Amino acid sequence: MVLLSDKLWFPPVKTASPEGIVAFGGDLSANRLLLAYKSGIFPWYNEDEPIVWYSPKQRMVLFPNDLNISKSMKVLLRKDIFKITFNQNFREVINACKTMYRKDQGGTWITDEMEQAYIHLHQLGYAKSVEVWLDNTLVGGLYGVDLGTVFCGESMFSKVSNTSKVAFICLVEKLKKEHYKLIDCQVYNEHLESLGAKEIPRAEFLNYL
């Protein structure tokens, strides 16, 4: 397994382990993160561990035209209960994703270092957020990395039922109007499958990048 140095480089993703691990180490500089995403690679690791870089053999993605909105979600959206904004409070969104309790997970994978790295990417205009508000309180949202025609989703949260879905649906509808190719959801997730996401081979995903 490759251990990265200060050199800005990644091994070919076809060398990834069966678990999808491409390399260890390196840093979370803006240049390295952008190179990773453009190469179909993303960081995913726990506190007190070296940075682990992944490129799974099967990639979970959503093509905008495949978005599936259930009848109950359509009813909820029509009620116009929530206010939706884009890139208005990135820091609060990523911090909520970091601190949100998630059933069956021992802790967060969004380390302090990772939080600051994505805030820096946001300041550079690459990391984007969606915010869902209820009575001026942030109750849901998501963030990810925008590559121009592909949006790489990173994490989402809900403090009120279904608000992460609301954020995701509103993002997809916005990106559909802007002719984005797909939304990268990284690895299989039942929640996102219900919204129309599916797995495609890594090679196919790289073609879209």
# chains A, B, ... in the order shown; residues from 1 in each chain; ligands from 1

call {"tool": "residues_around", "arguments": {"residues": "Glu178 of chain A", "least_positions_apart": "3", "cutoff": "12 Å", "atoms": "only C-alpha atoms", "output": "PDB file with C-alpha atoms, in the first residue's frame"}}
result
ATOM      1  CA  PRO A  64     -30.080  14.271 -11.900  1.00  0.00           C
ATOM      2  CA  GLY A 148     -18.082  22.145 -12.207  1.00  0.00           C
ATOM      3  CA  THR A 149     -20.158  19.391 -13.835  1.00  0.00           C
ATOM      4  CA  VAL A 150     -19.897  16.821 -11.037  1.00  0.00           C
ATOM      5  CA  PHE A 151     -20.845  17.519  -7.413  1.00  0.00           C
ATOM      6  CA  LEU A 171     -29.505  20.533  -4.604  1.00  0.00           C
ATOM      7  CA  VAL A 172     -30.234  17.969  -7.323  1.00  0.00           C
ATOM      8  CA  GLU A 173     -32.988  20.113  -8.834  1.00  0.00           C
ATOM      9  CA  LYS A 174     -30.628  23.095  -8.907  1.00  0.00           C
ATOM     10  CA  LEU A 175     -27.788  21.107 -10.488  1.00  0.00           C
ATOM     11  CA  LYS A 181     -23.598  15.193 -15.147  1.00  0.00           C
ATOM     12  CA  LEU A 182     -24.055  13.547 -11.760  1.00  0.00           C
TER      13      LEU A 182
END

call {"tool": "residues_around", "arguments": {"residues": "Leu206 of chain A", "least_positions_apart": "5", "cutoff": "10 Å", "atoms": "only C-alpha atoms", "output": "VMD selection string"}}
result
chain A and resid 13 38 to 41 59 201

call {"tool": "write_last_selection", "arguments": {"atoms": "N, CA and C atoms", "output": "PDB file, in the first residue's frame"}}
result
ATOM      1  N   VAL A  13      -5.902   4.701  -9.558  1.00  0.00           N
ATOM      2  CA  VAL A  13      -6.961   4.111  -8.734  1.00  0.00           C
ATOM      3  C   VAL A  13      -7.131   2.620  -9.014  1.00  0.00           C
ATOM      4  N   LYS A  38     -10.686  15.108  -8.389  1.00  0.00           N
ATOM      5  CA  LYS A  38     -10.631  15.048  -9.849  1.00  0.00           C
ATOM      6  C   LYS A  38     -10.140  13.686 -10.342  1.00  0.00           C
ATOM      7  N   SER A  39      -9.516  12.926  -9.440  1.00  0.00           N
ATOM      8  CA  SER A  39      -9.007  11.604  -9.781  1.00  0.00           C
ATOM      9  C   SER A  39      -9.937  10.486  -9.309  1.00  0.00           C
ATOM     10  N   GLY A  40     -11.096  10.851  -8.743  1.00  0.00           N
ATOM     11  CA  GLY A  40     -12.031   9.847  -8.254  1.00  0.00           C
ATOM     12  C   GLY A  40     -11.676   9.290  -6.892  1.00  0.00           C
ATOM     13  N   ILE A  41     -10.950  10.069  -6.090  1.00  0.00           N
ATOM     14  CA  ILE A  41     -10.462   9.644  -4.780  1.00  0.00           C
ATOM     15  C   ILE A  41     -11.000  10.589  -3.711  1.00  0.00           C
ATOM     16  N   ARG A  59     -19.086   2.767  -7.438  1.00  0.00           N
ATOM     17  CA  ARG A  59     -19.293   4.147  -6.977  1.00  0.00           C
ATOM     18  C   ARG A  59     -20.787   4.451  -6.935  1.00  0.00           C
ATOM     19  N   PRO A 201     -19.706   1.159 -12.060  1.00  0.00           N
ATOM     20  CA  PRO A 201     -18.301   0.775 -11.958  1.00  0.00           C
ATOM     21  C   PRO A 201     -17.386   1.999 -11.861  1.00  0.00           C
TER      22      PRO A 201
END

call {"tool": "closest_atom_pairs", "arguments": {"of": "segment 138-207 of chain A", "to": "segment 106-122 of chain A", "cutoff": "12 Å", "atoms": "only C-alpha atoms", "output": "Markdown table"}}
result
| residue | atom | partner | partner_atom | distance |
| --- | --- | --- | --- | --- |
| A:Tyr143 | CA | A:Tyr118 | CA | 9.3 |
| A:Gly144 | CA | A:Tyr118 | CA | 8.6 |
| A:Val145 | CA | A:Leu121 | CA | 8.1 |
| A:Asp146 | CA | A:His122 | CA | 9.7 |
| A:Leu147 | CA | A:Leu121 | CA | 11.6 |
| A:Glu154 | CA | A:Ile110 | CA | 9.8 |
| A:Ser155 | CA | A:Ile110 | CA | 9.1 |
| A:Met156 | CA | A:Ile110 | CA | 11.6 |

call {"tool": "residues_around", "arguments": {"residues": "Tyr54 of chain A", "least_positions_apart": "2", "cutoff": "6 Å", "atoms": "only C-alpha atoms", "output": "ChimeraX atom specification"}}
result
/A:20-22,41-42

call {"tool": "atom_distance", "arguments": {"atom1": "atom CA of Gly25 of chain A", "atom2": "atom CA of Leu4 of chain A"}}
result
5.1 Å

call {"tool": "select_by_dssp", "arguments": {"residues": "segment 73-132 of chain A", "states": "strand (DSSP E or B)", "output": "ChimeraX atom specification"}}
result
/A:83-86,127-132

call {"tool": "write_last_selection", "arguments": {"atoms": "N, CA and C atoms", "output": "tab-separated table (two decimals), in the first residue's frame"}}
result
chain	number	residue	atom	x	y	z
A	83	LYS	N	-37.12	27.04	4.56
A	83	LYS	CA	-36.40	27.97	3.69
A	83	LYS	C	-35.10	27.30	3.27
A	84	ILE	N	-34.80	27.32	2.00
A	84	ILE	CA	-33.58	26.69	1.48
A	84	ILE	C	-32.61	27.77	1.01
A	85	THR	N	-31.36	27.66	1.45
A	85	THR	CA	-30.32	28.57	0.97
A	85	THR	C	-29.11	27.76	0.51
A	86	PHE	N	-28.26	28.41	-0.27
A	86	PHE	CA	-27.04	27.77	-0.77
A	86	PHE	C	-25.83	28.61	-0.36
A	127	ALA	N	-15.79	24.07	-2.16
A	127	ALA	CA	-16.72	23.35	-1.28
A	127	ALA	C	-18.00	24.17	-1.14
A	128	LYS	N	-19.14	23.51	-1.29
A	128	LYS	CA	-20.44	24.19	-1.28
A	128	LYS	C	-21.36	23.56	-0.24
A	129	SER	N	-22.35	24.33	0.18
A	129	SER	CA	-23.30	23.82	1.17
A	129	SER	C	-24.73	24.16	0.78
A	130	VAL	N	-25.64	23.36	1.32
A	130	VAL	CA	-27.08	23.64	1.22
A	130	VAL	C	-27.59	23.71	2.64
A	131	GLU	N	-28.39	24.74	2.94
A	131	GLU	CA	-28.93	24.91	4.29
A	131	GLU	C	-30.45	24.83	4.26
A	132	VAL	N	-31.02	24.15	5.24
A	132	VAL	CA	-32.46	24.07	5.40
A	132	VAL	C	-32.81	24.74	6.73

call {"tool": "atom_distance", "arguments": {"atom1": "atom CA of Glu92 of chain A", "atom2": "atom CA of Gly140 of chain A"}}
result
10.3 Å

call {"tool": "residues_around", "arguments": {"residues": "segment 74-82 of chain A", "least_positions_apart": "4", "cutoff": "8 Å", "atoms": "only C-alpha atoms", "output": "ChimeraX atom specification"}}
result
/A:69-70,132-134,166

call {"tool": "atom_distance", "arguments": {"atom1": "atom CA of Lys71 of chain A", "atom2": "atom CA of Ala197 of chain A"}}
result
17.4 Å

call {"tool": "select_by_dssp", "arguments": {"residues": "chain A", "states": "alpha helix (DSSP H)", "output": "tab-separated table (two decimals) with N, CA and C atoms, in the first residue's frame"}}
result
chain	number	residue	atom	x	y	z
A	30	ALA	N	-5.48	22.11	0.03
A	30	ALA	CA	-6.49	22.34	-1.02
A	30	ALA	C	-6.07	21.68	-2.33
A	31	ASN	N	-4.79	21.81	-2.69
A	31	ASN	CA	-4.33	21.24	-3.96
A	31	ASN	C	-4.44	19.73	-3.96
A	32	ARG	N	-4.10	19.09	-2.83
A	32	ARG	CA	-4.19	17.63	-2.79
A	32	ARG	C	-5.64	17.16	-2.81
A	33	LEU	N	-6.51	17.84	-2.07
A	33	LEU	CA	-7.92	17.48	-2.06
A	33	LEU	C	-8.53	17.61	-3.46
A	34	LEU	N	-8.23	18.69	-4.15
A	34	LEU	CA	-8.79	18.89	-5.48
A	34	LEU	C	-8.25	17.84	-6.46
A	35	LEU	N	-6.95	17.52	-6.35
A	35	LEU	CA	-6.40	16.47	-7.20
A	35	LEU	C	-7.09	15.14	-6.91
A	36	ALA	N	-7.35	14.87	-5.63
A	36	ALA	CA	-8.01	13.62	-5.25
A	36	ALA	C	-9.39	13.52	-5.88
A	37	TYR	N	-10.22	14.54	-5.69
A	37	TYR	CA	-11.58	14.49	-6.22
A	37	TYR	C	-11.60	14.39	-7.74
A	38	LYS	N	-10.69	15.11	-8.39
A	38	LYS	CA	-10.63	15.05	-9.85
A	38	LYS	C	-10.14	13.69	-10.34
A	71	LYS	N	-44.10	10.39	-2.79
A	71	LYS	CA	-45.32	11.18	-2.66
A	71	LYS	C	-45.32	11.98	-1.36
A	72	SER	N	-44.86	11.36	-0.27
A	72	SER	CA	-44.85	12.06	1.01
A	72	SER	C	-43.88	13.24	0.99
A	73	MET	N	-42.74	13.08	0.30
A	73	MET	CA	-41.79	14.19	0.19
A	73	MET	C	-42.35	15.31	-0.68
A	74	LYS	N	-43.07	14.95	-1.73
A	74	LYS	CA	-43.68	15.97	-2.58
A	74	LYS	C	-44.69	16.79	-1.78
A	75	VAL	N	-45.45	16.12	-0.93
A	75	VAL	CA	-46.42	16.82	-0.07
A	75	VAL	C	-45.68	17.76	0.87
A	76	LEU	N	-44.60	17.26	1.48
A	76	LEU	CA	-43.83	18.08	2.42
A	76	LEU	C	-43.25	19.31	1.73
A	77	LEU	N	-42.70	19.13	0.53
A	77	LEU	CA	-42.10	20.25	-0.20
A	77	LEU	C	-43.14	21.28	-0.61
A	78	ARG	N	-44.33	20.80	-0.96
A	78	ARG	CA	-45.41	21.72	-1.36
A	78	ARG	C	-45.88	22.58	-0.20
A	90	PHE	N	-21.70	27.74	5.54
A	90	PHE	CA	-20.94	26.50	5.36
A	90	PHE	C	-20.38	25.99	6.68
A	91	ARG	N	-19.82	26.88	7.47
A	91	ARG	CA	-19.20	26.47	8.73
A	91	ARG	C	-20.19	25.75	9.64
A	92	GLU	N	-21.40	26.29	9.75
A	92	GLU	CA	-22.39	25.68	10.63
A	92	GLU	C	-22.85	24.33	10.08
A	93	VAL	N	-22.94	24.21	8.75
A	93	VAL	CA	-23.35	22.95	8.14
A	93	VAL	C	-22.32	21.86	8.40
A	94	ILE	N	-21.05	22.13	8.13
A	94	ILE	CA	-20.04	21.08	8.31
A	94	ILE	C	-19.89	20.74	9.78
A	95	ASN	N	-20.03	21.73	10.66
A	95	ASN	CA	-19.94	21.44	12.09
A	95	ASN	C	-21.11	20.58	12.56
A	96	ALA	N	-22.30	20.83	12.00
A	96	ALA	CA	-23.47	20.01	12.35
A	96	ALA	C	-23.29	18.58	11.85
A	97	CYS	N	-22.73	18.43	10.64
A	97	CYS	CA	-22.45	17.09	10.12
A	97	CYS	C	-21.44	16.37	11.02
A	98	LYS	N	-20.49	17.13	11.52
A	98	LYS	CA	-19.44	16.56	12.36
A	98	LYS	C	-19.97	16.11	13.72
A	99	THR	N	-20.85	16.89	14.32
A	99	THR	CA	-21.27	16.64	15.70
A	99	THR	C	-22.58	15.88	15.81
A	112	ASP	N	-11.18	17.36	13.21
A	112	ASP	CA	-10.96	18.81	13.25
A	112	ASP	C	-10.16	19.27	12.04
A	113	GLU	N	-9.13	18.47	11.70
A	113	GLU	CA	-8.28	18.79	10.55
A	113	GLU	C	-9.10	18.80	9.26
A	114	MET	N	-9.98	17.81	9.11
A	114	MET	CA	-10.80	17.73	7.90
A	114	MET	C	-11.79	18.90	7.85
A	115	GLU	N	-12.39	19.23	8.98
A	115	GLU	CA	-13.32	20.36	9.03
A	115	GLU	C	-12.66	21.63	8.53
A	116	GLN	N	-11.46	21.92	9.03
A	116	GLN	CA	-10.75	23.13	8.62
A	116	GLN	C	-10.33	23.09	7.16
A	117	ALA	N	-9.98	21.90	6.67
A	117	ALA	CA	-9.57	21.76	5.27
A	117	ALA	C	-10.72	22.08	4.32
A	118	TYR	N	-11.94	21.61	4.66
A	118	TYR	CA	-13.09	21.87	3.79
A	118	TYR	C	-13.59	23.31	3.93
A	119	ILE	N	-13.42	23.91	5.09
A	119	ILE	CA	-13.73	25.33	5.23
A	119	ILE	C	-12.81	26.14	4.31
A	120	HIS	N	-11.54	25.74	4.26
A	120	HIS	CA	-10.60	26.41	3.34
A	120	HIS	C	-11.04	26.21	1.89
A	121	LEU	N	-11.45	25.00	1.53
A	121	LEU	CA	-11.95	24.76	0.17
A	121	LEU	C	-13.17	25.62	-0.14
A	122	HIS	N	-14.01	25.81	0.87
A	122	HIS	CA	-15.18	26.67	0.69
A	122	HIS	C	-14.74	28.11	0.43
A	123	GLN	N	-13.76	28.57	1.18
A	123	GLN	CA	-13.26	29.94	0.99
A	123	GLN	C	-12.67	30.13	-0.40
A	163	THR	N	-35.13	16.59	6.74
A	163	THR	CA	-34.52	17.82	6.24
A	163	THR	C	-33.24	17.56	5.43
A	164	SER	N	-32.54	16.46	5.67
A	164	SER	CA	-31.40	16.14	4.81
A	164	SER	C	-31.89	15.77	3.41
A	165	LYS	N	-33.03	15.09	3.34
A	165	LYS	CA	-33.63	14.76	2.05
A	165	LYS	C	-34.06	16.03	1.32
A	166	VAL	N	-34.64	16.96	2.06
A	166	VAL	CA	-35.05	18.24	1.46
A	166	VAL	C	-33.84	18.94	0.86
A	167	ALA	N	-32.73	18.97	1.61
A	167	ALA	CA	-31.50	19.61	1.13
A	167	ALA	C	-31.00	18.92	-0.14
A	168	PHE	N	-31.00	17.59	-0.14
A	168	PHE	CA	-30.49	16.83	-1.27
A	168	PHE	C	-31.37	17.04	-2.50
A	169	ILE	N	-32.67	16.98	-2.33
A	169	ILE	CA	-33.59	17.16	-3.45
A	169	ILE	C	-33.43	18.56	-4.06
A	170	CYS	N	-33.34	19.56	-3.22
A	170	CYS	CA	-33.18	20.93	-3.71
A	170	CYS	C	-31.85	21.12	-4.43
A	171	LEU	N	-30.80	20.47	-3.93
A	171	LEU	CA	-29.51	20.53	-4.60
A	171	LEU	C	-29.59	19.88	-5.98
A	172	VAL	N	-30.15	18.69	-6.04
A	172	VAL	CA	-30.23	17.97	-7.32
A	172	VAL	C	-31.05	18.76	-8.34
A	173	GLU	N	-32.16	19.34	-7.91
A	173	GLU	CA	-32.99	20.11	-8.83
A	173	GLU	C	-32.24	21.34	-9.34
A	174	LYS	N	-31.44	21.94	-8.49
A	174	LYS	CA	-30.63	23.09	-8.91
A	174	LYS	C	-29.56	22.67	-9.91
A	175	LEU	N	-28.86	21.57	-9.61
A	175	LEU	CA	-27.79	21.11	-10.49
A	175	LEU	C	-28.34	20.59	-11.82
A	176	LYS	N	-29.54	20.05	-11.79
A	176	LYS	CA	-30.17	19.60	-13.04
A	176	LYS	C	-30.38	20.78	-13.99
A	177	LYS	N	-30.81	21.89	-13.46
A	177	LYS	CA	-31.01	23.09	-14.29
A	177	LYS	C	-29.69	23.60	-14.84
A	190	GLU	N	-28.51	3.26	1.68
A	190	GLU	CA	-29.92	2.94	1.44
A	190	GLU	C	-30.77	4.20	1.34
A	191	HIS	N	-30.45	5.17	2.17
A	191	HIS	CA	-31.16	6.45	2.20
A	191	HIS	C	-31.10	7.12	0.82
A	192	LEU	N	-29.89	7.13	0.20
A	192	LEU	CA	-29.74	7.78	-1.10
A	192	LEU	C	-30.27	6.90	-2.23
A	193	GLU	N	-30.23	5.59	-2.05
A	193	GLU	CA	-30.82	4.70	-3.05
A	193	GLU	C	-32.31	4.98	-3.20
A	202	ARG	N	-16.29	1.84	-11.15
A	202	ARG	CA	-15.33	2.93	-10.98
A	202	ARG	C	-14.87	3.50	-12.33
A	203	ALA	N	-14.61	2.63	-13.30
A	203	ALA	CA	-14.13	3.10	-14.61
A	203	ALA	C	-15.15	4.02	-15.27
A	204	GLU	N	-16.43	3.69	-15.15
A	204	GLU	CA	-17.48	4.53	-15.72
A	204	GLU	C	-17.53	5.88	-15.01
A	205	PHE	N	-17.39	5.85	-13.68
A	205	PHE	CA	-17.39	7.10	-12.92
A	205	PHE	C	-16.22	7.99	-13.36
A	206	LEU	N	-15.05	7.40	-13.55
A	206	LEU	CA	-13.89	8.18	-13.96
A	206	LEU	C	-14.09	8.82	-15.33
A	207	ASN	N	-14.85	8.16	-16.20
A	207	ASN	CA	-15.15	8.75	-17.51
A	207	ASN	C	-15.93	10.04	-17.36
A	208	TYR	N	-16.85	10.07	-16.40
A	208	TYR	CA	-17.62	11.30	-16.17
A	208	TYR	C	-16.74	12.41	-15.61

call {"tool": "closest_residue", "arguments": {"among": "A:Gly125, A:Pro43, A:Pro12, A:Gly196", "to": "Leu28 of chain A", "atoms": "only C-alpha atoms"}}
result
A:Pro43

call {"tool": "decode", "arguments": {"residues": "segment 23-39 of chain A", "atoms": "N, CA and C atoms", "output": "PDB file, in the first residue's frame"}}
result
ATOM      1  N   ALA A  23      -4.275   4.863  -0.997  1.00  0.00           N
ATOM      2  CA  ALA A  23      -3.040   5.297  -0.351  1.00  0.00           C
ATOM      3  C   ALA A  23      -3.317   5.748   1.074  1.00  0.00           C
ATOM      4  N   PHE A  24      -2.228   5.930   1.822  1.00  0.00           N
ATOM      5  CA  PHE A  24      -2.283   6.480   3.172  1.00  0.00           C
ATOM      6  C   PHE A  24      -1.420   7.733   3.233  1.00  0.00           C
ATOM      7  N   GLY A  25      -1.700   8.570   4.225  1.00  0.00           N
ATOM      8  CA  GLY A  25      -0.806   9.688   4.509  1.00  0.00           C
ATOM      9  C   GLY A  25      -1.048  10.910   3.651  1.00  0.00           C
ATOM     10  N   GLY A  26       0.026  11.685   3.476  1.00  0.00           N
ATOM     11  CA  GLY A  26      -0.113  12.942   2.761  1.00  0.00           C
ATOM     12  C   GLY A  26      -0.718  14.007   3.655  1.00  0.00           C
ATOM     13  N   ASP A  27      -1.466  14.915   3.069  1.00  0.00           N
ATOM     14  CA  ASP A  27      -2.068  16.009   3.824  1.00  0.00           C
ATOM     15  C   ASP A  27      -3.433  16.346   3.238  1.00  0.00           C
ATOM     16  N   LEU A  28      -4.078  17.330   3.841  1.00  0.00           N
ATOM     17  CA  LEU A  28      -5.398  17.772   3.371  1.00  0.00           C
ATOM     18  C   LEU A  28      -5.317  19.182   2.795  1.00  0.00           C
ATOM     19  N   SER A  29      -4.223  19.476   2.140  1.00  0.00           N
ATOM     20  CA  SER A  29      -4.099  20.779   1.482  1.00  0.00           C
ATOM     21  C   SER A  29      -5.142  20.896   0.380  1.00  0.00           C
ATOM     22  N   ALA A  30      -5.477  22.115   0.028  1.00  0.00           N
ATOM     23  CA  ALA A  30      -6.486  22.337  -1.017  1.00  0.00           C
ATOM     24  C   ALA A  30      -6.068  21.680  -2.328  1.00  0.00           C
ATOM     25  N   ASN A  31      -4.795  21.812  -2.692  1.00  0.00           N
ATOM     26  CA  ASN A  31      -4.334  21.245  -3.956  1.00  0.00           C
ATOM     27  C   ASN A  31      -4.442  19.732  -3.964  1.00  0.00           C
ATOM     28  N   ARG A  32      -4.104  19.088  -2.826  1.00  0.00           N
ATOM     29  CA  ARG A  32      -4.186  17.627  -2.786  1.00  0.00           C
ATOM     30  C   ARG A  32      -5.643  17.163  -2.809  1.00  0.00           C
ATOM     31  N   LEU A  33      -6.509  17.845  -2.068  1.00  0.00           N
ATOM     32  CA  LEU A  33      -7.923  17.476  -2.060  1.00  0.00           C
ATOM     33  C   LEU A  33      -8.532  17.605  -3.456  1.00  0.00           C
ATOM     34  N   LEU A  34      -8.230  18.694  -4.145  1.00  0.00           N
ATOM     35  CA  LEU A  34      -8.787  18.891  -5.484  1.00  0.00           C
ATOM     36  C   LEU A  34      -8.255  17.843  -6.456  1.00  0.00           C
ATOM     37  N   LEU A  35      -6.955  17.521  -6.347  1.00  0.00           N
ATOM     38  CA  LEU A  35      -6.396  16.469  -7.196  1.00  0.00           C
ATOM     39  C   LEU A  35      -7.089  15.144  -6.911  1.00  0.00           C
ATOM     40  N   ALA A  36      -7.345  14.867  -5.628  1.00  0.00           N
ATOM     41  CA  ALA A  36      -8.014  13.623  -5.249  1.00  0.00           C
ATOM     42  C   ALA A  36      -9.394  13.523  -5.881  1.00  0.00           C
ATOM     43  N   TYR A  37     -10.218  14.543  -5.688  1.00  0.00           N
ATOM     44  CA  TYR A  37     -11.584  14.494  -6.216  1.00  0.00           C
ATOM     45  C   TYR A  37     -11.598  14.393  -7.739  1.00  0.00           C
ATOM     46  N   LYS A  38     -10.686  15.108  -8.389  1.00  0.00           N
ATOM     47  CA  LYS A  38     -10.631  15.048  -9.849  1.00  0.00           C
ATOM     48  C   LYS A  38     -10.140  13.686 -10.342  1.00  0.00           C
ATOM     49  N   SER A  39      -9.516  12.926  -9.440  1.00  0.00           N
ATOM     50  CA  SER A  39      -9.007  11.604  -9.781  1.00  0.00           C
ATOM     51  C   SER A  39      -9.937  10.486  -9.309  1.00  0.00           C
TER      52      SER A  39
END
